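Shown below: query-v4.cif, with mmCIF, C-alpha atoms.
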```cif
data_input
loop_
_atom_site.label_atom_id
_atom_site.label_comp_id
_atom_site.auth_asym_id
_atom_site.auth_seq_id
_atom_site.Cartn_x
_atom_site.Cartn_y
_atom_site.Cartn_z
CA MET A 258 -21.68 10.11 11.73
CA SER A 259 -23.49 13.44 11.42
CA LEU A 260 -22.36 16.81 10.08
CA GLY A 261 -21.92 18.00 13.64
CA ASP A 262 -19.27 15.32 14.19
CA LEU A 263 -17.02 16.54 11.38
CA PRO A 264 -13.82 18.36 12.35
CA ALA A 265 -14.72 22.00 12.95
CA TRP A 266 -12.52 23.24 10.10
CA MET A 267 -13.89 20.89 7.44
CA PRO A 268 -17.12 22.64 6.30
CA GLY A 269 -15.27 25.90 5.73
CA TRP A 270 -12.40 24.10 4.03
CA CYS A 271 -14.83 22.46 1.62
CA GLY A 272 -16.51 25.79 0.95
CA GLU A 273 -13.18 27.41 0.12
CA ARG A 274 -11.53 24.57 -1.78
CA LEU A 275 -14.54 22.86 -3.38
CA ARG A 276 -16.91 25.84 -3.59
CA ALA A 277 -19.64 24.03 -1.67
CA GLU A 278 -20.04 22.98 1.95
CA PRO A 279 -21.11 19.48 3.01
CA VAL A 280 -24.77 18.75 3.65
CA GLY A 281 -24.39 15.07 4.51
CA VAL A 282 -21.86 12.47 5.60
CA LEU A 283 -21.76 9.31 3.48
CA PHE A 284 -19.13 7.44 5.50
CA GLU A 285 -16.10 7.78 7.73
CA LEU A 286 -13.09 5.46 7.76
CA ARG A 287 -10.14 5.69 10.12
CA SER A 288 -6.84 3.90 9.90
CA ILE A 289 -3.53 5.68 9.41
CA SER A 290 -5.56 8.44 7.76
CA ALA A 291 -9.10 9.65 8.36
CA VAL A 292 -11.34 9.48 5.28
CA PHE A 293 -14.71 11.27 5.02
CA GLY A 294 -17.26 10.67 2.28
CA LEU A 295 -19.30 13.85 1.94
CA ARG A 296 -22.29 15.06 -0.06
CA LEU A 297 -21.88 18.71 -0.95
CA ALA A 298 -24.56 21.36 -1.26
CA ASP A 299 -24.18 21.36 -5.04
CA GLY A 300 -24.99 17.64 -5.22
CA ARG A 301 -21.47 16.29 -5.65
CA ASP A 302 -20.17 13.37 -3.63
CA VAL A 303 -16.53 13.77 -2.66
CA VAL A 304 -13.96 12.18 -0.39
CA VAL A 305 -11.79 14.27 1.94
CA LYS A 306 -8.65 12.59 3.30
CA THR A 307 -6.67 13.82 6.27
CA ARG A 308 -3.48 12.39 7.68
CA GLU A 309 -0.43 13.31 9.68
CA ASP A 310 2.18 13.96 7.03
CA GLU A 311 5.83 13.00 6.90
CA GLY A 312 6.35 14.95 3.68
CA ARG A 313 4.92 12.20 1.47
CA ALA A 314 1.38 13.30 0.74
CA ALA A 315 1.96 15.95 -1.94
CA SER A 316 3.93 13.57 -4.15
CA CYS A 317 1.42 10.76 -3.70
CA VAL A 318 -1.54 12.95 -4.67
CA ALA A 319 0.34 14.49 -7.61
CA ALA A 320 1.12 11.02 -8.98
CA GLN A 321 -2.48 9.91 -8.46
CA ALA A 322 -3.67 12.97 -10.39
CA ARG A 323 -1.40 12.13 -13.34
CA LEU A 324 -2.72 8.59 -13.56
CA ALA A 325 -6.36 9.64 -13.20
CA ALA A 326 -5.90 12.19 -16.01
CA ARG A 327 -4.68 9.37 -18.27
CA GLY A 328 -7.72 7.25 -17.56
CA PHE A 329 -6.21 4.86 -15.05
CA PRO A 330 -8.98 3.50 -12.78
CA CYS A 331 -8.49 5.58 -9.68
CA ALA A 332 -10.25 8.53 -8.04
CA ARG A 333 -9.32 11.94 -9.49
CA PRO A 334 -7.94 14.40 -6.93
CA LEU A 335 -9.97 17.60 -6.76
CA THR A 336 -7.45 19.62 -4.75
CA PRO A 337 -3.73 19.51 -4.09
CA VAL A 338 -2.54 18.65 -0.60
CA VAL A 339 -3.22 21.51 1.83
CA ASP A 340 -1.83 21.83 5.34
CA VAL A 341 -4.47 22.25 8.04
CA GLY A 342 -2.57 22.57 11.29
CA ALA A 343 -0.49 19.40 11.57
CA LEU A 344 -2.63 17.57 9.01
CA ALA A 345 -2.18 17.13 5.27
CA VAL A 346 -5.59 17.30 3.58
CA HIS A 347 -6.89 16.81 0.06
CA ALA A 348 -10.19 16.03 -1.64
CA GLU A 349 -10.86 13.62 -4.48
CA GLU A 350 -13.84 12.45 -6.46
CA CYS A 351 -15.94 9.68 -4.98
CA ARG A 352 -15.51 6.47 -6.97
CA PRO A 353 -17.93 4.02 -5.35
CA GLY A 354 -18.95 0.57 -6.44
CA GLY A 355 -17.19 -2.50 -7.63
CA GLU A 356 -16.50 -5.70 -5.75
CA LEU A 357 -13.56 -7.29 -4.01
CA LEU A 358 -11.81 -10.02 -5.98
CA ARG A 359 -11.35 -12.68 -3.34
CA GLY A 360 -9.07 -15.66 -3.51
CA ASP A 361 -5.38 -16.44 -3.62
CA SER A 362 -5.15 -18.90 -6.51
CA PRO A 363 -2.57 -18.55 -9.31
CA ASP A 364 -5.37 -17.38 -11.61
CA VAL A 365 -6.32 -14.55 -9.25
CA ALA A 366 -2.61 -13.75 -8.87
CA GLU A 367 -2.22 -13.35 -12.63
CA ARG A 368 -5.24 -11.04 -12.85
CA CYS A 369 -3.87 -8.86 -10.08
CA ALA A 370 -0.39 -8.90 -11.61
CA ALA A 371 -1.86 -7.49 -14.83
CA VAL A 372 -3.23 -4.52 -12.89
CA PHE A 373 0.06 -4.01 -11.09
CA ALA A 374 2.02 -4.17 -14.35
CA ARG A 375 -0.25 -1.53 -15.87
CA LEU A 376 0.07 0.63 -12.76
CA MET A 377 3.86 0.43 -12.76
CA ALA A 378 4.03 1.19 -16.48
CA GLU A 379 1.89 4.29 -15.98
CA LEU A 380 4.03 5.47 -13.06
CA ALA A 381 7.29 4.92 -14.92
CA ASP A 382 7.32 8.41 -16.46
CA VAL A 383 5.62 10.29 -13.61
CA VAL A 384 8.13 12.69 -12.11
CA VAL A 385 7.48 13.71 -8.50
CA ALA A 386 9.68 14.12 -5.46
CA PRO A 387 10.23 10.64 -3.99
CA PRO A 388 7.49 10.02 -1.38
CA LEU A 389 9.86 9.36 1.49
CA PRO A 390 9.98 7.97 4.07
CA ASN A 391 8.28 4.90 2.64
CA PRO A 392 5.10 3.57 4.30
CA ARG A 393 5.90 2.03 7.65
CA TRP A 394 4.92 -1.54 6.68
CA ALA A 395 7.24 -1.33 3.64
CA ARG A 396 10.05 0.57 5.35
CA TRP A 397 12.69 -2.16 5.35
CA ASP A 398 15.09 0.48 3.96
CA HIS A 399 14.92 2.67 7.08
CA THR A 400 18.04 4.08 8.75
CA ASP A 401 16.81 3.72 12.34
CA SER A 402 18.76 1.59 14.77
CA GLY A 403 17.57 -1.98 15.04
CA LEU A 404 15.60 -4.27 12.77
CA TRP A 405 12.26 -2.47 12.61
CA PRO A 406 11.60 1.16 11.66
CA ALA A 407 10.94 3.36 14.68
CA ILE A 408 7.19 3.40 15.33
CA GLY A 409 6.61 4.80 18.79
CA PHE A 410 3.29 3.19 19.66
CA LEU A 411 4.64 -0.24 18.64
CA ASP A 412 8.05 0.21 20.22
CA ARG A 413 6.44 0.87 23.59
CA ARG A 414 4.85 -2.59 23.60
CA ASP A 415 6.46 -5.83 24.82
CA ARG A 416 8.94 -6.73 22.11
CA GLY A 417 9.36 -10.14 23.66
CA ALA A 418 5.87 -11.04 22.44
CA VAL A 419 7.09 -11.25 18.83
CA PRO A 420 7.98 -14.86 17.94
CA ALA A 421 11.67 -15.51 17.30
CA TYR A 422 10.92 -16.98 13.87
CA VAL A 423 9.23 -13.71 12.80
CA VAL A 424 12.27 -11.71 13.90
CA ASP A 425 14.64 -14.14 12.15
CA THR A 426 12.59 -14.00 8.94
CA ALA A 427 12.54 -10.21 8.95
CA GLU A 428 16.28 -10.00 9.63
CA ARG A 429 17.20 -12.35 6.81
CA ALA A 430 14.80 -10.79 4.30
CA ARG A 431 15.94 -7.26 5.14
CA ARG A 432 19.62 -8.18 4.97
CA ARG A 433 19.09 -9.62 1.47
CA MET A 434 17.24 -6.53 0.26
CA LEU A 435 19.80 -4.09 1.68
CA ALA A 436 22.56 -5.99 -0.14
CA ALA A 437 21.03 -4.89 -3.47
CA ALA A 438 22.07 -1.26 -3.08
CA ASP A 439 22.83 -0.88 -6.80
CA LEU A 440 19.24 -1.42 -7.96
CA PRO A 441 17.59 1.87 -8.97
CA CYS A 442 14.49 3.05 -7.12
CA VAL A 443 11.20 3.67 -8.91
CA LEU A 444 7.74 4.87 -7.93
CA GLY A 445 5.24 2.16 -7.06
CA HIS A 446 2.22 1.19 -4.99
CA ALA A 447 3.29 -0.39 -1.69
CA ASP A 448 -0.11 -1.55 -0.40
CA PHE A 449 -1.37 -3.60 -3.33
CA GLU A 450 -3.93 -5.69 -1.47
CA ALA A 451 -7.32 -7.06 -2.46
CA GLN A 452 -8.99 -4.65 -0.03
CA ASN A 453 -7.60 -1.71 -2.04
CA LEU A 454 -8.96 -2.89 -5.41
CA ARG A 455 -12.50 -3.03 -6.76
CA TRP A 456 -13.66 -4.93 -9.85
CA ARG A 457 -16.61 -4.71 -12.26
CA ASP A 458 -17.53 -7.23 -14.93
CA GLY A 459 -14.16 -8.88 -14.69
CA GLN A 460 -12.19 -5.65 -15.05
CA VAL A 461 -10.53 -3.55 -12.39
CA TRP A 462 -12.77 -0.61 -11.52
CA ALA A 463 -10.72 1.24 -8.93
CA VAL A 464 -7.33 1.11 -7.26
CA HIS A 465 -7.40 2.89 -3.91
CA ASP A 466 -4.93 3.98 -1.22
CA TRP A 467 -2.55 6.18 -3.20
CA ASP A 468 -1.16 7.47 0.09
CA SER A 469 0.85 4.24 -0.01
CA LEU A 470 3.17 5.02 -2.90
CA ALA A 471 6.80 4.16 -2.24
CA TRP A 472 10.25 4.77 -3.73
CA GLN A 473 12.08 1.44 -3.90
CA PRO A 474 13.60 -0.98 -6.43
CA GLU A 475 11.01 -2.35 -8.85
CA ALA A 476 11.74 -5.92 -7.78
CA ALA A 477 11.03 -5.06 -4.14
CA LEU A 478 7.73 -3.38 -4.99
CA VAL A 479 6.62 -6.30 -7.17
CA GLY A 480 7.76 -8.77 -4.55
CA ALA A 481 5.73 -7.09 -1.83
CA ALA A 482 2.70 -7.08 -4.11
CA CYS A 483 3.09 -10.77 -5.00
CA GLY A 484 2.88 -11.66 -1.33
CA ALA A 485 0.10 -9.26 -0.35
CA PHE A 486 -2.27 -9.20 -3.35
CA ALA A 487 -4.84 -11.51 -1.74
CA SER A 488 -5.01 -9.70 1.61
CA ALA A 489 -8.32 -8.32 2.79
CA SER A 490 -8.85 -8.22 6.55
CA PRO A 491 -6.92 -9.46 8.35
CA PRO A 492 -3.93 -9.38 5.99
CA THR A 493 -1.99 -12.53 5.29
CA LEU A 494 0.49 -14.00 2.81
CA ALA A 495 -0.50 -15.58 -0.52
CA PRO A 496 0.62 -19.16 -1.24
CA VAL A 497 4.12 -19.52 -2.68
CA GLU A 498 2.84 -20.88 -6.00
CA SER A 499 0.51 -17.90 -6.40
CA SER A 500 3.31 -15.44 -5.67
CA ALA A 501 5.36 -17.22 -8.33
CA ALA A 502 2.47 -16.88 -10.80
CA PHE A 503 2.21 -13.15 -9.98
CA LEU A 504 5.93 -12.60 -10.57
CA ALA A 505 5.92 -14.52 -13.85
CA ALA A 506 2.84 -12.71 -15.17
CA TYR A 507 4.21 -9.31 -14.20
CA GLN A 508 7.50 -9.86 -16.01
CA LYS A 509 5.76 -11.16 -19.12
CA LEU A 510 3.41 -8.20 -19.28
CA ARG A 511 6.21 -5.69 -18.70
CA GLY A 512 8.31 -7.38 -21.36
CA ARG A 513 11.38 -7.72 -19.16
CA ARG A 514 12.66 -10.72 -17.26
CA PHE A 515 14.12 -9.93 -13.85
CA THR A 516 17.78 -10.71 -13.31
CA ALA A 517 18.69 -13.46 -10.86
CA GLU A 518 19.35 -10.79 -8.23
CA GLU A 519 16.00 -9.11 -8.84
CA GLN A 520 14.24 -12.46 -8.50
CA GLU A 521 15.87 -12.92 -5.11
CA ILE A 522 15.00 -9.39 -4.01
CA ALA A 523 11.38 -9.96 -5.01
CA TRP A 524 11.15 -13.11 -2.88
CA ALA A 525 12.79 -11.38 0.08
CA ALA A 526 10.42 -8.42 -0.27
CA SER A 527 7.42 -10.75 -0.34
CA LEU A 528 8.11 -11.54 3.30
CA TRP A 529 8.60 -8.08 4.79
CA PRO A 530 4.94 -6.88 4.91
CA ALA A 531 3.90 -10.27 6.29
CA ALA A 532 6.59 -10.05 8.97
CA HIS A 533 5.43 -6.51 9.83
CA ASN A 534 1.84 -7.76 10.09
CA ALA A 535 2.95 -10.75 12.18
CA ARG A 536 4.75 -8.40 14.55
CA TRP A 537 1.63 -6.23 14.78
CA GLU A 538 -0.50 -9.28 15.61
CA ALA A 539 1.88 -10.42 18.32
CA LEU A 540 2.19 -6.98 19.91
CA HIS A 541 -1.59 -6.48 19.95
CA GLY A 542 -2.60 -10.03 20.89
CA ASP A 543 -4.52 -10.44 17.62
CA PRO A 544 -5.23 -13.85 16.03
CA PRO A 545 -1.94 -15.07 14.50
CA VAL A 546 -2.99 -15.10 10.85
CA SER A 547 0.19 -13.58 9.42
CA CYS A 548 2.27 -15.26 12.11
CA GLU A 549 1.12 -18.69 10.95
CA ALA A 550 1.62 -17.79 7.28
CA VAL A 551 5.17 -16.65 7.99
CA ARG A 552 5.84 -19.80 10.01
CA ALA A 553 4.61 -22.00 7.15
CA GLN A 554 6.25 -20.18 4.22
CA ALA A 555 9.36 -18.40 5.43
CA ALA A 556 11.80 -21.24 4.73
CA GLU A 557 10.82 -21.61 1.08
CA ARG A 558 10.63 -17.88 0.38
CA LEU A 559 13.98 -17.29 2.04
CA ARG A 560 15.47 -20.13 0.01
CA ARG A 561 14.27 -18.48 -3.19
CA ALA A 562 15.65 -15.18 -1.93
CA ASN A 563 19.04 -16.74 -1.27
CA ALA A 564 18.71 -15.34 2.22
#
```
Starting from the file, give its structure as C-alpha cells.
Amino acid sequence: MSLGDLPAWMPGWCGERLRAEPVGVLFELRSISAVFGLRLADGRDVVVKTREDEGRAASCVAAQARLAARGFPCARPLTPVVDVGALAVHAEECRPGGELLRGDSPDVAERCAAVFARLMAELADVVVAPPLPNPRWARWDHTDSGLWPAIGFLDRRDRGAVPAYVVDTAERARRRMLAAADLPCVLGHADFEAQNLRWRDGQVWAVHDWDSLAWQPEAALVGAACGAFASASPPTLAPVESSAAFLAAYQKLRGRRFTAEEQEIAWAASLWPAAHNARWEALHGDPPVSCEAVRAQAAERLRRANA
C-alpha cells in the first residue's frame, strides 16, 4: 500500500492530531476495523485504527490507556477516539515484535491464564462507561429476537447451512449463561486468542485488540478465554483438559475460587465463540475447523456447564 492509497482525510488528521503527516505506510490490516501502520515525518512509527462505532470505542481506548500507563504490555494510545464521518478513529504507538505462542497444551493454557489473570486484575479498578454492545462474537447477552445477535450480512445468508448440532450447542450454552442474571458484570478482554498476543524470551510482550473489551460476568469472560486462547487462524476450540487447566490457573492466580455456578457459566461461555465461528464457517463455506471442534467437544463442555 502506498501513501496515495490512504483515506483522503488521514494525512491531515495525522498532521492535526499527531503533529506530523505520514511519509510511509508500514502495513495495512482489515477485519472488523481497518488498521494502518504509518511512519510519520518526524520519524515516529504509529498505528491508526478506524472502525464503524457502536458507541464502544471511546471506553475501550480509555481502558487501554490506563493499562499502558501502568506498564501493562500493550500499545499506548496517542489520541482519544475522534469521529471522522461515520468512523471512530484513534492512534496508538507502534509496538512491533514478539512471537506467537503456539500450541494448546495445558502448559500453554497456564501461561496464557497468567496473562489473563494479570489483565483482569489491572482492569478491575478501571472505571469507564461499559463498552456496549459487546463484540458480536461474544454477544450471547443480546436482546435481539432469535438465538444469534442481529448481524445483517450473516443473517442474509442461508441459515439452513448451519449444522443442527451447532445451533443446539449455542442454544443450550446461551440459556445457561442467561440464567445467571445475578452475577455482576466486569470489564474484560473478549478476544483473548493466541493471534492477539506476542511473546519475547518467555514473557508476554504485547496484548493487542483492545477494541474487543466487553462488559460481562467474570466467569463468562474467563470461560470464553479458556476456550479461545490457542486460536490463531482459523480459530478453533482448545482441548477440554487445557481449558480446565486455564480455569484452574486463573482462579489460583486471582486468589478466588469460582462458585459452582460460576464454574458452570465458564464452561458454557467456552462454547459460545466456537459456536459463532462454526456458524461463520458454515455460512461462508469455509473449512469446518470450529464446526468439528464443537461436534467433538460440545457434549462434555455442556455437561460441565450443567446445560
Would you be able to write out as a short mmCIF file (atom, residue, chain, number, x, y, z; two decimals) with C-alpha atoms, in the coordinates of the input which residues have an atom within 10 Å of (4.2, -17.8, 10.0) in the file's coordinates, counting all atoms listed in the file?
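point37.cif written:
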```
data_model
loop_
_atom_site.label_atom_id
_atom_site.label_comp_id
_atom_site.auth_asym_id
_atom_site.auth_seq_id
_atom_site.Cartn_x
_atom_site.Cartn_y
_atom_site.Cartn_z
CA PRO A 420 7.98 -14.86 17.94
CA TYR A 422 10.92 -16.98 13.87
CA VAL A 423 9.23 -13.71 12.80
CA THR A 426 12.59 -14.00 8.94
CA THR A 493 -1.99 -12.53 5.29
CA LEU A 494 0.49 -14.00 2.81
CA LEU A 528 8.11 -11.54 3.30
CA ALA A 531 3.90 -10.27 6.29
CA ALA A 532 6.59 -10.05 8.97
CA ALA A 535 2.95 -10.75 12.18
CA PRO A 545 -1.94 -15.07 14.50
CA VAL A 546 -2.99 -15.10 10.85
CA SER A 547 0.19 -13.58 9.42
CA CYS A 548 2.27 -15.26 12.11
CA GLU A 549 1.12 -18.69 10.95
CA ALA A 550 1.62 -17.79 7.28
CA VAL A 551 5.17 -16.65 7.99
CA ARG A 552 5.84 -19.80 10.01
CA ALA A 553 4.61 -22.00 7.15
CA GLN A 554 6.25 -20.18 4.22
CA ALA A 555 9.36 -18.40 5.43
CA ALA A 556 11.80 -21.24 4.73
#
```
To verify the selection step, state as a ChimeraX atom specification which residues the PyMOL selection byres ((chain A and resi 342-349) around 8) yields on this input. /A:303-310,314,332-341,350-351
Expand the PyMOL selection byres ((chain A and resi 384) around 12) into the individual residues it matches in the shown file, reporting them as a PDB file with C-alpha atoms, keeping the file's coordinate frame.
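Generated output (expr-v1.pdb):
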```
ATOM      1  CA  SER A 316       3.930  13.570  -4.150  1.00  0.00           C
ATOM      2  CA  CYS A 317       1.420  10.760  -3.700  1.00  0.00           C
ATOM      3  CA  ALA A 319       0.340  14.490  -7.610  1.00  0.00           C
ATOM      4  CA  ALA A 320       1.120  11.020  -8.980  1.00  0.00           C
ATOM      5  CA  GLN A 321      -2.480   9.910  -8.460  1.00  0.00           C
ATOM      6  CA  ALA A 322      -3.670  12.970 -10.390  1.00  0.00           C
ATOM      7  CA  ARG A 323      -1.400  12.130 -13.340  1.00  0.00           C
ATOM      8  CA  LEU A 324      -2.720   8.590 -13.560  1.00  0.00           C
ATOM      9  CA  GLU A 379       1.890   4.290 -15.980  1.00  0.00           C
ATOM     10  CA  LEU A 380       4.030   5.470 -13.060  1.00  0.00           C
ATOM     11  CA  ALA A 381       7.290   4.920 -14.920  1.00  0.00           C
ATOM     12  CA  ASP A 382       7.320   8.410 -16.460  1.00  0.00           C
ATOM     13  CA  VAL A 383       5.620  10.290 -13.610  1.00  0.00           C
ATOM     14  CA  VAL A 385       7.480  13.710  -8.500  1.00  0.00           C
ATOM     15  CA  ALA A 386       9.680  14.120  -5.460  1.00  0.00           C
ATOM     16  CA  PRO A 387      10.230  10.640  -3.990  1.00  0.00           C
ATOM     17  CA  PRO A 388       7.490  10.020  -1.380  1.00  0.00           C
ATOM     18  CA  VAL A 443      11.200   3.670  -8.910  1.00  0.00           C
ATOM     19  CA  LEU A 444       7.740   4.870  -7.930  1.00  0.00           C
ATOM     20  CA  TRP A 472      10.250   4.770  -3.730  1.00  0.00           C
TER      21      TRP A 472
END
```
Write out as a Markdown table the residues of range 380-478 of chain A that have any atom within 12 Å of an atom of range 284-302 of chain A, one row each with the nearest atom pair and its distance in Å to one decimal, counting only C-alpha atoms, sorted by chain and then rising number.
```
| residue | atom | partner | partner_atom | distance |
| --- | --- | --- | --- | --- |
| A:Pro392 | CA | A:Ile289 | CA | 10.2 |
| A:Arg393 | CA | A:Ile289 | CA | 10.3 |
| A:Trp394 | CA | A:Ile289 | CA | 11.4 |
| A:His465 | CA | A:Val292 | CA | 12.0 |
| A:Asp466 | CA | A:Ser290 | CA | 10.0 |
| A:Trp467 | CA | A:Ser290 | CA | 11.6 |
| A:Asp468 | CA | A:Ser290 | CA | 8.9 |
| A:Ser469 | CA | A:Ile289 | CA | 10.5 |
```
Which neighbours of Asp361 in chain A fall inside 10 Å, counting only C-alpha atoms, when residues of the same chain fewer than 2 positions from it are skipped, and could you give them as a PyMOL selection string? chain A and resi 358-359+363-366+451+484-488+494-496+498-500
Just want the 10 Å neighbourhood of Pro474 in chain A, counted on all atoms listed in the file, with same-chain residues fewer than 4 positions away dropped. Output as a JSON list (two decimals) with C-alpha atoms, in the coordinates of the input.
```json
[["chain", "number", "residue", "atom", "x", "y", "z"],
["A", 434, "MET", "CA", 17.24, -6.53, 0.26],
["A", 437, "ALA", "CA", 21.03, -4.89, -3.47],
["A", 438, "ALA", "CA", 22.07, -1.26, -3.08],
["A", 439, "ASP", "CA", 22.83, -0.88, -6.80],
["A", 440, "LEU", "CA", 19.24, -1.42, -7.96],
["A", 441, "PRO", "CA", 17.59, 1.87, -8.97],
["A", 442, "CYS", "CA", 14.49, 3.05, -7.12],
["A", 443, "VAL", "CA", 11.20, 3.67, -8.91],
["A", 444, "LEU", "CA", 7.74, 4.87, -7.93],
["A", 445, "GLY", "CA", 5.24, 2.16, -7.06],
["A", 478, "LEU", "CA", 7.73, -3.38, -4.99],
["A", 479, "VAL", "CA", 6.62, -6.30, -7.17],
["A", 480, "GLY", "CA", 7.76, -8.77, -4.55],
["A", 519, "GLU", "CA", 16.00, -9.11, -8.84],
["A", 522, "ILE", "CA", 15.00, -9.39, -4.01],
["A", 523, "ALA", "CA", 11.38, -9.96, -5.01]]
```
Atomic separation - CA of Leu454 in chain A relative to CA of Leu260 in chain A, Å: 28.4 Å
